[in-house]
Each structure stands twice: as C-alpha cells, then as structure tokens.
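A.B. asks: What follows is start_29.pdb; its format and atoms are PDB, C-alpha atoms and all ligand atoms.
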```
ATOM      1  CA  MET O  28      45.523 -24.769  55.223
ATOM      2  CA  CYS O  29      42.686 -24.208  52.846
ATOM      3  CA  PHE O  30      42.638 -27.275  50.697
ATOM      4  CA  ARG O  31      39.657 -28.098  48.578
ATOM      5  CA  PRO O  32      40.494 -31.313  46.728
ATOM      6  CA  THR O  33      36.994 -31.616  45.353
ATOM      7  CA  GLU O  34      37.412 -28.663  43.056
ATOM      8  CA  MET O  35      40.752 -29.883  41.862
ATOM      9  CA  GLN O  36      39.732 -33.449  41.297
ATOM     10  CA  MET O  37      36.398 -33.046  39.595
ATOM     11  CA  LYS O  38      36.520 -32.853  35.852
ATOM     12  CA  LYS O  39      34.102 -30.373  34.483
ATOM     13  CA  CYS O  40      32.766 -31.219  31.104
ATOM     14  CA  PRO O  41      33.563 -28.412  28.666
ATOM     15  CA  LYS O  42      30.439 -29.198  26.739
ATOM     16  CA  CYS O  43      27.652 -29.646  29.277
ATOM     17  CA  GLY O  44      29.397 -28.559  32.447
ATOM     18  CA  ALA O  45      28.712 -31.755  34.299
ATOM     19  CA  ASN O  46      31.143 -32.758  37.006
ATOM     20  CA  ASN O  47      32.853 -36.023  36.305
ATOM     21  CA  LYS O  48      35.200 -38.173  38.275
ATOM     22  CA  PRO O  49      38.871 -37.309  37.959
ATOM     23  CA  ILE O  50      39.510 -40.656  36.298
ATOM     24  CA  ALA O  51      36.700 -40.188  33.814
ATOM     25  CA  THR O  52      37.890 -40.140  30.233
ATOM     26  CA  GLU O  53      34.602 -38.942  28.912
ATOM     27  CA  CYS O  54      31.635 -37.085  30.268
ATOM     28  CA  ALA O  55      29.154 -39.392  31.921
ATOM     29  CA  GLN O  56      26.438 -36.938  30.988
ATOM     30  CA  CYS O  57      26.988 -36.297  27.301
ATOM     31  CA  GLY O  58      29.921 -38.495  26.355
ATOM     32  CA  GLU O  59      32.219 -35.584  25.558
ATOM     33  CA  PRO O  60      35.850 -36.696  25.746
ATOM     34  CA  LEU O  61      37.517 -35.092  28.733
ATOM     35  CA  GLU O  62      41.045 -33.863  28.987
ATOM     36  CA  GLN O  63      43.337 -36.237  30.700
ATOM     37  CA  MET O  64      44.821 -34.893  33.886
ATOM     38  CA  LYS O  65      47.521 -37.513  33.785
ATOM     39  CA  VAL O  66      50.191 -34.972  32.945
ATOM     40  CA  ASP O  67      49.474 -32.901  36.003
ATOM     41  CA  PHE O  68      49.287 -35.982  38.132
ATOM     42  CA  ASP O  69      52.599 -37.230  36.832
ATOM     43  CA  ALA O  70      54.178 -33.871  37.463
ATOM     44  CA  ASP O  71      52.984 -33.912  41.032
ATOM     45  CA  GLN O  72      54.070 -37.480  41.455
ATOM     46  CA  ALA O  73      57.468 -36.699  39.999
ATOM     47  CA  LYS O  74      57.806 -33.883  42.475
ATOM     48  CA  LEU O  75      56.927 -36.227  45.297
ATOM     49  CA  ASP O  76      59.338 -38.818  43.995
ATOM     50  CA  ALA O  77      62.093 -36.262  43.712
ATOM     51  CA  PHE O  78      61.405 -35.123  47.224
ATOM     52  CA  ALA O  79      61.385 -38.661  48.516
ATOM     53  CA  THR O  80      64.624 -39.565  46.804
ATOM     54  CA  MET O  81      66.386 -36.366  47.736
ATOM     55  CA  PRO O  82      69.261 -36.883  50.093
ATOM     56  CA  PRO O  83      68.637 -35.507  53.550
ATOM     57  CA  ILE O  84      69.741 -31.937  53.777
ATOM     58  CA  PRO O  85      72.090 -31.350  56.684
ATOM     59  CA  SER O  86      70.624 -28.800  59.018
ATOM     60  CA  ALA O  87      73.928 -26.995  59.196
ATOM     61  CA  PRO O  88      76.847 -26.882  56.780
ATOM     62  CA  ALA O  89      79.213 -29.422  58.104
ATOM     63  CA  THR O  90      82.619 -27.965  58.689
ATOM     64  CA  PRO O  91      85.208 -30.586  58.030
ATOM     65  CA  LYS O  92      86.746 -31.378  61.324
ATOM     66  CA  ALA O  93      89.798 -33.512  61.541
ATOM     67  CA  PRO O  94      89.177 -36.449  63.801
ATOM     68  CA  GLY O  95      91.248 -35.708  66.834
ATOM     69  CA  ALA O  96      92.191 -32.072  66.597
ATOM     70  CA  PRO O  97      95.905 -31.618  66.224
ATOM     71  CA  VAL O  98      97.369 -30.575  69.508
ATOM     72  CA  PRO O  99      99.395 -27.420  69.160
ATOM     73  CA  PRO O 100     103.013 -28.044  69.880
ATOM     74  CA  SER O 101     103.379 -27.029  73.468
ATOM     75  CA  ILE O 102     106.662 -25.896  74.834
ATOM     76  CA  PRO O 103     107.729 -28.345  77.499
ATOM     77  CA  LYS O 104     107.781 -26.712  80.870
ATOM     78  CA  PRO O 105     111.258 -26.160  82.110
ATOM     79  CA  PRO O 106     111.851 -27.986  85.316
ATOM     80  CA  SER O 107     111.261 -25.532  88.073
ATOM     81  CA  ALA O 108     114.238 -26.318  90.082
TER
HETATM   82 ZN    ZN J   1      29.237 -33.391  29.206
END
```
Any chance you could put this one into structure tokens?
Ligand SMILES: [Zn+2]

C.D. replies:
Amino acid sequence: MCFRPTEMQMKKCPKCGANNKPIATECAQCGEPLEQMKVDFDADQAKLDAFATMPPIPSAPATPKAPGAPVPPSIPKPPSA
C-alpha cells in the first residue's frame, strides 16, 4: 500500500502556504483561519463505526436446513421367507 498520511494530515495555509498541524484551527505562521477537517474525519469515523457495528457477513448463504432431515418413508422390506 502506498499511504502517505503526512500529506493528508497537514493543513496547508491557503494564504501563506505554511503547513500546519491537522488540529490547527488557524495558521501558526500568519494566523489565517484554516478549514476544519472535522467533517472528513467524522465521515471516516462514521464509516469505521458502521463497519464495526455491521453484523458479520456469513461467508456462504445459509440454506435453511431442517434439524434432523426427514427420513423418506421407506417401504418395509418384505420378510424374505
Ligand atoms: Zn498562513
């Protein structure tokens, strides 16, 4: 996997272009208010929550089997005598 969290997490100031911490609400360099990434974070978290709370998916569609398969009516053997 090619995962570069640094690029995703750093907040780039739209004004001066300085990289700020993801939790920064304003640019540490020039004080420009930064967009909150809370929405994206919540969306991701919601996805994770949904995944975590999802019921386990059965690997195969369970075919309803009656407990104790009904034995087919067998014709009683005629006494061989
Ligand atoms: Zn700035």

A.B. asks: Quick one: which chain O residues come within 12 Å of ligand ZN 1 (chain J), and what is the nearest atom pair for each with the distance in Å to one decimal, counting all atoms listed in the file, rows ordered by chain and ascending number, as JSON lines?

C.D. replies:
```
{"residue": "O:Lys38", "atom": "CA", "partner": "J:ZN1", "partner_atom": "ZN", "distance": 9.9}
{"residue": "O:Lys39", "atom": "CA", "partner": "J:ZN1", "partner_atom": "ZN", "distance": 7.8}
{"residue": "O:Cys40", "atom": "CA", "partner": "J:ZN1", "partner_atom": "ZN", "distance": 4.6}
{"residue": "O:Pro41", "atom": "CA", "partner": "J:ZN1", "partner_atom": "ZN", "distance": 6.6}
{"residue": "O:Lys42", "atom": "CA", "partner": "J:ZN1", "partner_atom": "ZN", "distance": 5.0}
{"residue": "O:Cys43", "atom": "CA", "partner": "J:ZN1", "partner_atom": "ZN", "distance": 4.1}
{"residue": "O:Gly44", "atom": "CA", "partner": "J:ZN1", "partner_atom": "ZN", "distance": 5.8}
{"residue": "O:Ala45", "atom": "CA", "partner": "J:ZN1", "partner_atom": "ZN", "distance": 5.4}
{"residue": "O:Asn46", "atom": "CA", "partner": "J:ZN1", "partner_atom": "ZN", "distance": 8.1}
{"residue": "O:Asn47", "atom": "CA", "partner": "J:ZN1", "partner_atom": "ZN", "distance": 8.4}
{"residue": "O:Lys48", "atom": "CA", "partner": "J:ZN1", "partner_atom": "ZN", "distance": 11.9}
{"residue": "O:Ala51", "atom": "CA", "partner": "J:ZN1", "partner_atom": "ZN", "distance": 11.1}
{"residue": "O:Thr52", "atom": "CA", "partner": "J:ZN1", "partner_atom": "ZN", "distance": 11.0}
{"residue": "O:Glu53", "atom": "CA", "partner": "J:ZN1", "partner_atom": "ZN", "distance": 7.7}
{"residue": "O:Cys54", "atom": "CA", "partner": "J:ZN1", "partner_atom": "ZN", "distance": 4.5}
{"residue": "O:Ala55", "atom": "CA", "partner": "J:ZN1", "partner_atom": "ZN", "distance": 6.6}
{"residue": "O:Gln56", "atom": "CA", "partner": "J:ZN1", "partner_atom": "ZN", "distance": 4.9}
{"residue": "O:Cys57", "atom": "CA", "partner": "J:ZN1", "partner_atom": "ZN", "distance": 4.1}
{"residue": "O:Gly58", "atom": "CA", "partner": "J:ZN1", "partner_atom": "ZN", "distance": 5.9}
{"residue": "O:Glu59", "atom": "CA", "partner": "J:ZN1", "partner_atom": "ZN", "distance": 5.2}
{"residue": "O:Pro60", "atom": "CA", "partner": "J:ZN1", "partner_atom": "ZN", "distance": 8.2}
{"residue": "O:Leu61", "atom": "CA", "partner": "J:ZN1", "partner_atom": "ZN", "distance": 8.5}
{"residue": "O:Glu62", "atom": "CA", "partner": "J:ZN1", "partner_atom": "ZN", "distance": 11.8}
```

A.B. asks: Create the file for the chosen residues now, containing C-alpha atoms and written as a PDB file, in the frame of the given file.

C.D. replies:
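And here is the file that came out, again25.pdb:
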```
ATOM      1  CA  LYS O  38      36.520 -32.853  35.852  1.00  0.00           C
ATOM      2  CA  LYS O  39      34.102 -30.373  34.483  1.00  0.00           C
ATOM      3  CA  CYS O  40      32.766 -31.219  31.104  1.00  0.00           C
ATOM      4  CA  PRO O  41      33.563 -28.412  28.666  1.00  0.00           C
ATOM      5  CA  LYS O  42      30.439 -29.198  26.739  1.00  0.00           C
ATOM      6  CA  CYS O  43      27.652 -29.646  29.277  1.00  0.00           C
ATOM      7  CA  GLY O  44      29.397 -28.559  32.447  1.00  0.00           C
ATOM      8  CA  ALA O  45      28.712 -31.755  34.299  1.00  0.00           C
ATOM      9  CA  ASN O  46      31.143 -32.758  37.006  1.00  0.00           C
ATOM     10  CA  ASN O  47      32.853 -36.023  36.305  1.00  0.00           C
ATOM     11  CA  LYS O  48      35.200 -38.173  38.275  1.00  0.00           C
ATOM     12  CA  ALA O  51      36.700 -40.188  33.814  1.00  0.00           C
ATOM     13  CA  THR O  52      37.890 -40.140  30.233  1.00  0.00           C
ATOM     14  CA  GLU O  53      34.602 -38.942  28.912  1.00  0.00           C
ATOM     15  CA  CYS O  54      31.635 -37.085  30.268  1.00  0.00           C
ATOM     16  CA  ALA O  55      29.154 -39.392  31.921  1.00  0.00           C
ATOM     17  CA  GLN O  56      26.438 -36.938  30.988  1.00  0.00           C
ATOM     18  CA  CYS O  57      26.988 -36.297  27.301  1.00  0.00           C
ATOM     19  CA  GLY O  58      29.921 -38.495  26.355  1.00  0.00           C
ATOM     20  CA  GLU O  59      32.219 -35.584  25.558  1.00  0.00           C
ATOM     21  CA  PRO O  60      35.850 -36.696  25.746  1.00  0.00           C
ATOM     22  CA  LEU O  61      37.517 -35.092  28.733  1.00  0.00           C
ATOM     23  CA  GLU O  62      41.045 -33.863  28.987  1.00  0.00           C
TER      24      GLU O  62
END
```

A.B. asks: Quick check, in Å to one decimal: how far apart do atom CA of Ala73 of chain O and atom CA of Ala87 of chain O lie?

C.D. replies: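 Atom CA of Ala87 of chain O lies 27.1 Å from atom CA of Ala73 of chain O.
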
A.B. asks: Just to confirm, what's the straight-line distance from atom CA of Gly95 of chain O to atom CA of Pro83 of chain O in Å (one decimal)?

C.D. replies: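 So the two atoms, atom CA of Gly95 of chain O and atom CA of Pro83 of chain O, lie 26.2 Å apart.
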
A.B. asks: Mind giving me the straight-line distance from atom CA of Ile50 of chain O to atom CA of Ala77 of chain O in Å, one decimal?

C.D. replies: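 These two atoms are separated by 24.2 Å.
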
A.B. asks: Work out where the centre of an axis-aligned box around every listed atom of segment 56-63 of chain O lies and how long its edges are once 3 Å is added on each side; give both in Å to one decimal as JSON.

C.D. replies:
```
{"center_x": 34.9, "center_y": -36.2, "center_z": 28.3, "size_x": 22.9, "size_y": 10.6, "size_z": 11.4}
```
